[in-house]
Amino acid sequence: MGLIDNINKLFDHRIRLGMMSILVVNESVDFKRLKELLEVTDGNLASHTKTLEKAKYIVVEKSFIGRKPNTRYKITKEGKAAFEKHIEALENLIKQQR
Amino acid sequence: MVQIQFLFNFEFQSTFKMDSNKYLDDISKIKDLMHRSSRFISLSGLSGIMAGIYALTGALFTYLFLLPEPGQYLTLHSWNFRLIIIILISVALLSVLTGYLLTSKKAKKNNEKIWDETTKRLLISFLVPLVTGGVYILIKLNSQHYGLTASLMLIFYGLALVNASKYTLGNVKYLGYAEIILGLVCAALPGYGFWFWIVGFGFFHILYGSLVYFKEEK
């Protein structure tokens, strides 16, 4: 088994990795806050949330606050497990180097 | 053949090194985002020191002018009891105001927002035990139970700090534990509530504030 096997290709991207890091420690986060924290554009963020949603790592909840649409993101059980596995793999890789 | 193998290994190693740096970078980014998204900026140390000084000033004033003569009791409707309540409220308000001003100044400097979802959650988790305690103390006072007031204030304040510490950076929870322990000791030693209050709200704040302050300066 290679060391790289557990590295999740989906998380091999700054924005997706960032999104997972935020969602794993927050119950749910809305689009605006994600945008602020990650410092990305709307379009960019939307495409990456879609990728993670397709992988079933996050779920999207759409609702209205007054008349304003509000989109919130939550991490799924699978997402959490995958992210933990990824972190573990990163850790092991770095340990190997020392 | 051996040479090829060596070359291959060498190649592999060097790309691997690069990757490892990237992964280290990834980990630090993960940590940073986890913190920024879930943890409120730490309260400034100076606000802790100031809160302690307000508490001590209030206590000194109370000690000099408002404590009942030996052998006498404070009653709920006496003028000195009302003044003590006013002092307590002003100490609390001044501390909160100072904390807010200093923290928002610090937030501005670090380009952080003071009012976001984490702040809201921080405030709620802080206020639930605190308000519960406050109301409980008022109910007790209304039925002439004065004895445990200082102890209850310390305990509920400590619980509020521990509960809110999930959303803060730094070590507020240790201040919380210290207040809870002090409150419990205070409950076991009736009659010294005033002095325990001074230690918990005055000295502990100053001590904690200075520790944070010196850490910030570093």
# chains A, B, ... in the order shown; residues from 1 in each chain; ligands from 1
$ select_by_dssp --residues "chain A" --states "helix (DSSP H, G or I)" --output "number ranges by chain"
A: 3-6, 9-11, 14-25, 31-38, 42-54, 77-97
$ interface_residues --of "chain B" --to "chain A" --cutoff "9 Å" --atoms "only C-alpha atoms" --output "ChimeraX atom specification"
/B:16-17,20-21,23-24,26-27,29-38,116-117
$ residues_around --residues "range 141-152 of chain B" --least-positions-apart "2" --cutoff "8 Å" --atoms "only C-alpha atoms" --output "list in words"
Thr75, Leu76, Gly133, Ile137, Leu138, Ile139, Leu154, Ile155, Phe156, Leu182, Gly183, Leu184, Cys186, Ala187, Pro190, Gly191, Gly193, Phe194, Phe196 and Trp197 of chain B
$ select_by_dssp --residues "chain A" --states "strand (DSSP E or B)" --output "list in words"
Val29, Asp30, Ile58, Val59, Val60, Glu61, Lys62, Ser63, Phe64, Ile65, Lys68, Pro69, Asn70, Thr71, Arg72, Tyr73, Lys74 and Ile75 of chain A
$ atom_distance --atom1 "CA of Gly158 in chain B" --atom2 "CA of Tyr177 in chain B"
6.1 Å
$ residues_around --residues "range 87-89 of chain B" --least-positions-apart "4" --cutoff "10 Å" --atoms "only C-alpha atoms" --output "compact mmCIF listing (two decimals) with N, CA and C atoms, in the first residue's frame"
# COMPACT_ATOMS: atom_id res chain seq x y z
N TYR B 54 -12.01 47.63 38.32
CA TYR B 54 -13.36 48.12 38.63
C TYR B 54 -13.94 47.37 39.83
N ALA B 55 -13.75 46.04 39.82
CA ALA B 55 -14.31 45.23 40.91
C ALA B 55 -13.69 45.64 42.24
N THR B 57 -12.29 48.55 43.01
CA THR B 57 -12.76 49.89 43.37
C THR B 57 -14.15 49.82 43.99
N GLY B 58 -15.03 49.06 43.34
CA GLY B 58 -16.39 48.90 43.86
C GLY B 58 -16.38 48.29 45.25
N ALA B 59 -15.52 47.29 45.44
CA ALA B 59 -15.45 46.59 46.72
C ALA B 59 -14.90 47.52 47.80
N PHE B 61 -15.07 50.80 47.91
CA PHE B 61 -16.12 51.76 48.23
C PHE B 61 -17.15 51.12 49.16
N THR B 62 -17.55 49.90 48.80
CA THR B 62 -18.52 49.18 49.62
C THR B 62 -17.99 48.96 51.04
N PHE B 81 -28.03 48.53 50.85
CA PHE B 81 -28.19 47.38 49.96
C PHE B 81 -28.43 47.84 48.53
N ARG B 82 -29.28 48.85 48.40
CA ARG B 82 -29.56 49.36 47.05
C ARG B 82 -28.31 49.93 46.39
N LEU B 83 -27.51 50.63 47.20
CA LEU B 83 -26.28 51.19 46.65
C LEU B 83 -25.31 50.10 46.21
N LEU B 93 -21.30 46.63 34.09
CA LEU B 93 -21.46 47.38 32.84
C LEU B 93 -20.13 47.96 32.36
N LEU B 94 -19.38 48.55 33.30
CA LEU B 94 -18.09 49.13 32.93
C LEU B 94 -17.16 48.06 32.35
N SER B 95 -17.15 46.88 32.99
CA SER B 95 -16.28 45.80 32.51
C SER B 95 -16.66 45.37 31.11
$ residues_around --residues "Leu46 in chain B" --least-positions-apart "2" --cutoff "9 Å" --atoms "only C-alpha atoms" --output "PyMOL selection string"
chain B and resi 43-44+48-51+98-99+102+206+209-210+212-213
$ atom_distance --atom1 "CA of Ala55 in chain A" --atom2 "CA of Phe31 in chain A"
18.5 Å
$ closest_residue --among "A:Ile15, A:Ile65, A:Leu10, A:Ile75" --to "Ala46 in chain A" --atoms "only C-alpha atoms"
A:Ile15
$ residues_around --residues "Asn163 in chain B" --least-positions-apart "6" --cutoff "9 Å" --atoms "only C-alpha atoms" --output "list in words"
Leu122, Ser125, Phe126, Val128, Pro129, Lys173 and Gly176 of chain B
$ write_last_selection --atoms "C-alpha atoms" --output "PDB file, in the first residue's frame"
ATOM      1  CA  LEU B 122     -20.167  32.972  22.336  1.00  0.00           C
ATOM      2  CA  SER B 125     -23.273  30.298  25.756  1.00  0.00           C
ATOM      3  CA  PHE B 126     -21.880  32.889  28.167  1.00  0.00           C
ATOM      4  CA  VAL B 128     -27.245  31.253  29.669  1.00  0.00           C
ATOM      5  CA  PRO B 129     -25.442  30.222  32.889  1.00  0.00           C
ATOM      6  CA  LYS B 173     -11.661  28.209  30.735  1.00  0.00           C
ATOM      7  CA  GLY B 176     -13.612  29.754  34.784  1.00  0.00           C
TER       8      GLY B 176
END
$ atom_distance --atom1 "CA of Leu45 in chain A" --atom2 "CA of Lys77 in chain A"
21.6 Å
